[in-house]
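Have a look at entry.txt below; it lists compact mmCIF, C-alpha atoms.
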```
# COMPACT_ATOMS: atom_id res chain seq x y z
CA MET A 1 28.30 -55.76 -24.20
CA ASN A 2 29.26 -55.22 -20.58
CA ILE A 3 26.85 -52.54 -19.34
CA GLY A 4 24.46 -52.01 -16.48
CA LEU A 5 20.93 -53.34 -16.58
CA GLU A 6 19.38 -49.88 -16.84
CA LYS A 7 21.50 -48.98 -19.87
CA TYR A 8 20.80 -52.36 -21.42
CA ARG A 9 17.06 -51.81 -21.11
CA TYR A 10 17.48 -48.34 -22.60
CA TYR A 11 19.23 -49.74 -25.68
CA ILE A 12 16.56 -52.41 -26.09
CA GLU A 13 13.85 -49.73 -25.88
CA VAL A 14 15.58 -47.57 -28.50
CA LEU A 15 16.04 -50.53 -30.85
CA ASN A 16 12.39 -51.50 -30.42
CA GLY A 17 11.46 -48.01 -31.62
CA ASN A 18 13.75 -48.22 -34.63
CA ALA A 19 11.99 -49.14 -37.89
CA LEU A 20 15.01 -51.24 -38.86
CA PHE A 21 14.61 -53.51 -35.84
CA LYS A 22 10.89 -53.37 -35.22
CA ASP A 23 9.04 -56.65 -34.82
CA LEU A 24 12.29 -58.55 -34.28
CA PRO A 25 12.19 -61.01 -31.37
CA TYR A 26 13.86 -60.06 -28.12
CA SER A 27 16.46 -62.78 -28.68
CA SER A 28 17.57 -61.08 -31.91
CA LEU A 29 18.04 -57.74 -30.17
CA THR A 30 19.98 -59.29 -27.29
CA ALA A 31 22.21 -61.08 -29.82
CA LEU A 32 22.84 -57.71 -31.50
CA LEU A 33 23.77 -56.03 -28.22
CA LYS A 34 26.23 -58.82 -27.43
CA ILE A 35 28.36 -57.81 -30.42
CA ALA A 36 27.87 -54.05 -29.97
CA THR A 37 29.87 -51.49 -28.04
CA GLY A 38 28.38 -48.26 -26.76
CA LYS A 39 30.23 -45.10 -27.83
CA THR A 40 29.77 -41.38 -27.29
CA TRP A 41 31.18 -38.79 -29.69
CA ALA A 42 31.49 -35.18 -28.61
CA LYS A 43 29.77 -32.40 -30.52
CA LYS A 44 31.71 -31.32 -33.62
CA SER A 45 33.71 -34.56 -33.78
CA CYS A 46 34.89 -35.13 -37.35
CA ILE A 47 35.42 -38.62 -38.73
CA LEU A 48 37.77 -37.95 -41.63
CA ASP A 49 39.28 -41.44 -41.88
CA THR A 50 37.08 -43.18 -44.43
CA GLN A 51 38.57 -46.51 -43.38
CA GLU A 52 36.61 -46.18 -40.13
CA THR A 53 33.32 -47.20 -41.73
CA CYS A 54 34.88 -49.97 -43.82
CA TYR A 55 35.22 -52.11 -40.71
CA LYS A 56 32.51 -50.86 -38.36
CA PHE A 57 28.76 -50.40 -38.48
CA TYR A 58 27.04 -47.74 -36.39
CA ILE A 59 23.51 -47.34 -35.02
CA ILE A 60 22.68 -43.83 -33.81
CA ILE A 61 21.03 -43.88 -30.38
CA SER A 62 20.81 -40.09 -30.00
CA GLY A 63 22.20 -37.00 -31.70
CA ARG A 64 22.73 -35.87 -35.29
CA ILE A 65 25.51 -36.59 -37.76
CA LYS A 66 26.01 -34.94 -41.13
CA VAL A 67 27.45 -36.99 -43.99
CA TYR A 68 29.28 -34.85 -46.51
CA ASN A 69 31.78 -34.54 -49.34
CA PHE A 70 34.54 -31.94 -49.19
CA ASP A 71 36.35 -30.15 -52.01
CA MET A 72 39.72 -28.95 -50.70
CA GLU A 73 40.46 -26.78 -53.74
CA LYS A 74 37.23 -24.82 -53.42
CA ASP A 75 37.03 -25.19 -49.62
CA ARG A 76 33.38 -26.22 -49.89
CA ASN A 77 31.39 -29.15 -48.61
CA LEU A 78 28.17 -30.73 -49.78
CA THR A 79 25.94 -32.41 -47.20
CA LEU A 80 24.51 -35.66 -48.55
CA PHE A 81 22.58 -36.91 -45.53
CA MET A 82 21.51 -35.64 -42.15
CA LEU A 83 21.50 -38.73 -39.92
CA LYS A 84 19.63 -38.75 -36.63
CA THR A 85 18.34 -41.11 -33.94
CA ASN A 86 17.57 -44.56 -35.41
CA ASP A 87 19.68 -44.02 -38.53
CA VAL A 88 22.65 -46.28 -39.30
CA PHE A 89 25.86 -46.02 -41.28
CA ASP A 90 27.58 -47.00 -43.43
CA ILE A 91 24.99 -49.12 -45.23
CA PHE A 92 27.01 -49.08 -48.46
CA SER A 93 30.08 -50.56 -46.78
CA LEU A 94 27.82 -53.20 -45.26
CA ILE A 95 26.77 -54.19 -48.78
CA ASP A 96 29.97 -53.92 -50.81
CA CYS A 97 32.82 -53.50 -48.25
CA ALA A 98 34.22 -50.70 -50.41
CA ARG A 99 35.79 -47.48 -49.19
CA HIS A 100 33.57 -44.45 -49.77
CA GLU A 101 34.89 -40.91 -49.91
CA VAL A 102 32.44 -39.38 -47.48
CA TYR A 103 33.05 -37.78 -44.10
CA TYR A 104 31.07 -37.54 -40.88
CA GLU A 105 30.64 -34.75 -38.34
CA THR A 106 28.56 -34.80 -35.19
CA LEU A 107 26.27 -31.80 -34.76
CA ASP A 108 25.42 -32.77 -31.18
CA LYS A 109 26.87 -34.99 -28.51
CA THR A 110 26.06 -38.31 -30.14
CA GLU A 111 25.57 -41.76 -28.66
CA LEU A 112 26.02 -44.78 -30.89
CA LEU A 113 26.24 -48.53 -30.94
CA CYS A 114 29.37 -49.68 -32.76
CA ILE A 115 29.52 -53.16 -34.29
CA PRO A 116 32.43 -54.74 -36.21
CA LEU A 117 31.31 -55.07 -39.83
CA ALA A 118 32.06 -58.79 -40.02
CA ASP A 119 29.99 -59.41 -36.87
CA MET A 120 27.11 -57.34 -38.24
CA LYS A 121 27.09 -59.34 -41.45
CA GLN A 122 27.02 -62.58 -39.49
CA TRP A 123 24.17 -61.27 -37.32
CA ILE A 124 22.17 -60.44 -40.46
CA ALA A 125 22.84 -63.93 -41.83
CA ASP A 126 21.63 -65.44 -38.54
CA HIS A 127 18.54 -63.19 -38.42
CA PRO A 128 17.10 -63.04 -41.96
CA GLU A 129 13.90 -61.45 -40.64
CA PHE A 130 15.92 -58.22 -40.51
CA ASN A 131 16.40 -58.16 -44.29
CA GLN A 132 12.97 -56.78 -45.19
CA ASN A 133 13.33 -53.78 -42.90
CA PHE A 134 16.88 -53.23 -44.09
CA LEU A 135 15.81 -53.32 -47.75
CA VAL A 136 13.16 -50.66 -47.11
CA TYR A 137 15.77 -48.49 -45.38
CA VAL A 138 18.30 -48.86 -48.21
CA ILE A 139 15.70 -48.06 -50.86
CA ASP A 140 14.68 -44.94 -48.94
CA LYS A 141 18.31 -43.73 -48.83
CA MET A 142 18.82 -44.49 -52.52
CA CYS A 143 15.65 -42.57 -53.41
CA HIS A 144 16.92 -39.67 -51.31
CA LEU A 145 20.20 -39.62 -53.24
CA GLN A 146 18.41 -39.89 -56.59
CA LYS A 147 16.16 -36.94 -55.78
CA TYR A 148 19.09 -35.00 -54.33
CA VAL A 149 21.14 -35.34 -57.52
CA SER A 150 18.12 -34.48 -59.66
CA ASP A 151 17.44 -31.34 -57.61
CA MET A 152 21.07 -30.22 -57.87
CA VAL A 153 21.04 -30.56 -61.65
CA PHE A 154 17.58 -29.37 -62.61
CA LYS A 155 16.36 -27.02 -59.88
CA ASP A 156 17.52 -23.56 -58.94
CA ALA A 157 18.63 -22.53 -55.44
CA PRO A 158 15.27 -21.01 -54.33
CA THR A 159 13.47 -24.21 -55.28
CA ARG A 160 16.04 -26.35 -53.46
CA LEU A 161 15.69 -24.12 -50.41
CA ALA A 162 11.89 -24.42 -50.48
CA HIS A 163 12.18 -28.21 -50.68
CA LEU A 164 14.65 -28.28 -47.78
CA ILE A 165 12.37 -26.22 -45.56
CA TYR A 166 9.30 -28.28 -46.42
CA ASN A 167 11.07 -31.63 -45.95
CA TYR A 168 11.91 -30.76 -42.34
CA LEU A 169 8.72 -28.85 -41.58
CA ASN A 170 6.34 -29.78 -38.78
CA LEU A 171 3.01 -29.13 -40.52
CA ASN A 172 1.26 -28.50 -37.20
CA SER A 173 3.62 -25.96 -35.64
CA HIS A 174 5.08 -24.68 -38.94
CA GLU A 175 8.50 -24.88 -37.31
CA LEU A 176 11.50 -26.73 -38.69
CA GLU A 177 12.70 -29.88 -36.97
CA VAL A 178 16.16 -31.51 -37.00
CA ILE A 179 17.77 -28.62 -38.93
CA ASN A 180 16.20 -25.62 -37.19
CA ASP A 181 19.22 -24.72 -35.07
CA LEU A 182 21.81 -25.15 -37.83
CA THR A 183 23.90 -22.26 -39.04
CA HIS A 184 23.23 -20.76 -42.45
CA GLU A 185 26.52 -22.22 -43.59
CA GLU A 186 25.30 -25.71 -42.69
CA LEU A 187 21.96 -25.12 -44.43
CA ALA A 188 23.76 -23.86 -47.52
CA ALA A 189 25.79 -27.08 -47.65
CA MET A 190 22.54 -29.05 -47.68
CA ILE A 191 21.37 -27.41 -50.92
CA GLY A 192 24.73 -27.12 -52.63
CA THR A 193 25.23 -23.37 -52.46
CA THR A 194 27.12 -20.74 -50.48
CA ARG A 195 26.06 -19.00 -47.29
CA ALA A 196 25.77 -15.67 -49.14
CA VAL A 197 23.40 -17.13 -51.73
CA LEU A 198 21.35 -18.89 -49.05
CA ASN A 199 21.05 -15.67 -47.01
CA ARG A 200 19.80 -13.78 -50.04
CA HIS A 201 17.07 -16.29 -50.75
CA LEU A 202 16.07 -16.51 -47.08
CA GLN A 203 15.66 -12.73 -47.02
CA ASN A 204 13.60 -12.93 -50.21
CA PHE A 205 11.35 -15.56 -48.61
CA LYS A 206 11.02 -13.32 -45.55
CA GLU A 207 10.12 -10.25 -47.63
CA GLU A 208 7.50 -12.30 -49.47
CA GLY A 209 5.94 -13.27 -46.13
CA ILE A 210 6.77 -16.96 -46.54
CA ILE A 211 8.95 -17.29 -43.45
CA CYS A 212 9.89 -15.50 -40.27
CA LEU A 213 13.56 -15.51 -39.30
CA GLY A 214 14.93 -15.57 -35.78
CA ARG A 215 18.28 -16.46 -34.25
CA LYS A 216 18.95 -19.91 -35.71
CA GLU A 217 15.21 -20.26 -36.28
CA ILE A 218 12.98 -20.40 -39.33
CA ILE A 219 9.20 -20.41 -38.97
CA VAL A 220 6.95 -20.85 -42.00
CA THR A 221 4.21 -18.21 -42.01
CA ASP A 222 2.68 -18.92 -45.43
CA LEU A 223 2.74 -22.60 -46.40
CA PRO A 224 0.89 -22.19 -49.75
CA ALA A 225 3.42 -19.54 -50.78
CA LEU A 226 6.26 -21.90 -49.82
CA LEU A 227 4.72 -24.67 -51.92
CA SER A 228 4.40 -22.28 -54.87
CA LYS A 229 8.19 -22.07 -54.92
CA PHE A 230 8.25 -25.67 -56.09
CA GLY A 231 6.97 -24.47 -59.47
CA ASN A 232 6.51 -27.12 -62.11
CA ASN A 233 9.58 -29.05 -61.04
CA ASN A 234 8.12 -30.65 -57.91
```

Would you write out, as structure tokens, the structure that this file holds?
Amino acid sequence: MNIGLEKYRYYIEVLNGNALFKDLPYSSLTALLKIATGKTWAKKSCILDTQETCYKFYIIISGRIKVYNFDMEKDRNLTLFMLKTNDVFDIFSLIDCARHEVYYETLDKTELLCIPLADMKQWIADHPEFNQNFLVYVIDKMCHLQKYVSDMVFKDAPTRLAHLIYNYLNLNSHELEVINDLTHEELAAMIGTTRAVLNRHLQNFKEEGIICLGRKEIIVTDLPALLSKFGNNN
């Protein structure tokens, strides 16, 4: 990586704060940066070529990226993951080198480190101390997908909405984080419904005193009432 010293130190600092790379020696991080290239994607950039992640591995330095499936016939998308600073992708390609029918869209101006997949695999082989952190990360993503599928099948839209709000809730401020400025259409895609259905349930939550709605803002005003929406399917 041919960058200035200040930027180099910045990347090292970000990697040190990433759970995937924590406790790794400085030499391991410098070896990683040698095979990485810094990239910046503009807000609302769409990565529709699924071959892109078959050959490259990305570490998010800043910004948010949604990972989604898209149904052309129904003109609907389903958000699978909301990736943010310190997330990586595509972990599945890193494991099996297969092409996965998922797409990526930046929700902010996003800075990343891009590493050729073959080089990333070699770096992992040369730095086995990374494997434990990586295993924890993969298990967390797999558990997320398992719960996501279960919710879609067994829970109704109000319950899925309540879970979404709680999962991104700052329990001290009662404000949402990461997803708070998203449009209702984006939020609907995260729980597998339409914007109209989401709006109806948000209004119901508001009328019940559970939340307060502002312009691209949701504030929880009654946490116990929100938790009651989980019912017996928590």

For this session: Find, counting only C-alpha atoms, the residue in A:Phe70, A:Trp41, A:Phe230, A:Tyr58 that gets nearest to A:Lys155.
Result: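 Among A:Phe70, A:Trp41, A:Phe230, A:Tyr58, it is A:Phe230 that comes nearest to A:Lys155.
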
Exercise. Quick one: distance from atom CA of A:Lys43 to atom CA of A:Leu182 in Å, one decimal?
Worked result: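 Atom CA of A:Leu182 lies at a distance of 13.0 Å from atom CA of A:Lys43.
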
As lines of an AutoDock Vina configuration file: centre and edge lengths in Å, one decimal, of the axis-aligned box holding stretch 212-230 of chain A with 4 Å per side:
```
center_x = 9.9
center_y = -20.6
center_z = -45.2
size_x = 26.1
size_y = 18.2
size_z = 29.8
```

Exercise. At most 7 Å from (27.0, -26.7, -44.4), file frame, all atoms listed in the file: which residues, as a count of residues only?
Worked result: 9

For this session: Please identify all polymer residues within 8 Å of stretch 8-16 of chain A, counting all atoms listed in the file, omitting same-chain residues fewer than 4 positions from it, and present them as a list in words.
Result: Ile3, Gly4, Phe21, Lys22, Asp23, Leu29, Thr30, Ile61 and Asn86 of chain A

Exercise. Atom CA of A:Ile139 to atom CA of A:Met82: how many Å, to one decimal?
Worked result: 16.2 Å

Exercise. Interatomic distance between atom CA of A:Ile124 and atom CA of A:Thr106?
Worked result: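 The value is 26.9 Å.
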
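Compared by their closest atoms to A:Lys44, and using all atoms listed in the file, the residues A:Lys109, A:Val88, A:Asp71, A:Leu5 rank with A:Lys109 nearest.
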
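Those residues positioned at most 10 Å from (19.0, -43.9, -40.8) are Asn18, Ala19, Leu20, Tyr58, Ile59, Ile60, Phe81, Met82, Leu83, Lys84, Thr85, Asn86, Asp87, Val88, Phe89, Asp90, Ile91, Tyr137, Val138, Asp140 and Lys141 of chain A, judged using all atoms listed in the file.
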
So that I have them on file, write out the residues from the current selection with C-alpha atoms, as a JSON list (two decimals), in the coordinates of the input.
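And here is the file that came out, result_33.json:
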```json
[["chain", "number", "residue", "atom", "x", "y", "z"],
["A", 18, "ASN", "CA", 13.75, -48.22, -34.63],
["A", 19, "ALA", "CA", 11.99, -49.14, -37.89],
["A", 20, "LEU", "CA", 15.01, -51.24, -38.86],
["A", 58, "TYR", "CA", 27.04, -47.74, -36.39],
["A", 59, "ILE", "CA", 23.51, -47.34, -35.02],
["A", 60, "ILE", "CA", 22.68, -43.83, -33.81],
["A", 81, "PHE", "CA", 22.58, -36.91, -45.53],
["A", 82, "MET", "CA", 21.51, -35.64, -42.15],
["A", 83, "LEU", "CA", 21.50, -38.73, -39.92],
["A", 84, "LYS", "CA", 19.63, -38.75, -36.63],
["A", 85, "THR", "CA", 18.34, -41.11, -33.94],
["A", 86, "ASN", "CA", 17.57, -44.56, -35.41],
["A", 87, "ASP", "CA", 19.68, -44.02, -38.53],
["A", 88, "VAL", "CA", 22.65, -46.28, -39.30],
["A", 89, "PHE", "CA", 25.86, -46.02, -41.28],
["A", 90, "ASP", "CA", 27.58, -47.00, -43.43],
["A", 91, "ILE", "CA", 24.99, -49.12, -45.23],
["A", 137, "TYR", "CA", 15.77, -48.49, -45.38],
["A", 138, "VAL", "CA", 18.30, -48.86, -48.21],
["A", 140, "ASP", "CA", 14.68, -44.94, -48.94],
["A", 141, "LYS", "CA", 18.31, -43.73, -48.83]]
```

For this session: Give the answer as one residue: which of A:Leu113, A:His100, A:Arg76, A:Glu105 has the shortest atom-to-atom distance to A:Ala42, using only C-alpha atoms?
Result: A:Glu105

Exercise. Can you tell me, as JSON, numbers by chain, what residues are no more than 8 Å from A:Leu161 when counting all atoms listed in the file, ignoring any on the same chain fewer than 6 positions away?
Worked result: {"A": [191, 198, 201]}

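Nearest to A:Ile219 of all the residues A:Lys206, A:His163, A:His174, A:Arg200 is A:His174, counting all atoms listed in the file.
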
For this session: With a distance cut-off of 8 Å and all atoms listed in the file, select the neighbouring residues of A:Asp222, excluding the residue or stretch itself and same-chain residues fewer than 2 positions from it, and output the selection as a ChimeraX atom specification.
Result: /A:209-211,220,224-226

Problem set entry | Distance criterion (all atoms listed in the file): nearest to A:Leu169 out of A:Leu227, A:Cys54, A:Ile95, A:Ile35 |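 Distance minimum relative to A:Leu169 lands on A:Leu227.
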
For this session: Write out as a ChimeraX atom specification each polymer residue whose atoms come within 10 Å of A:Asp119, counting all atoms listed in the file; drop sequence neighbours fewer than 5 positions from it.
Result: /A:32,35-36,55-57,124-125

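You can rank A:Lys34, A:Glu175, A:Val149, A:Val67 by their closest distance to A:Met120 using only C-alpha atoms, and at the top of that list sits A:Lys34.
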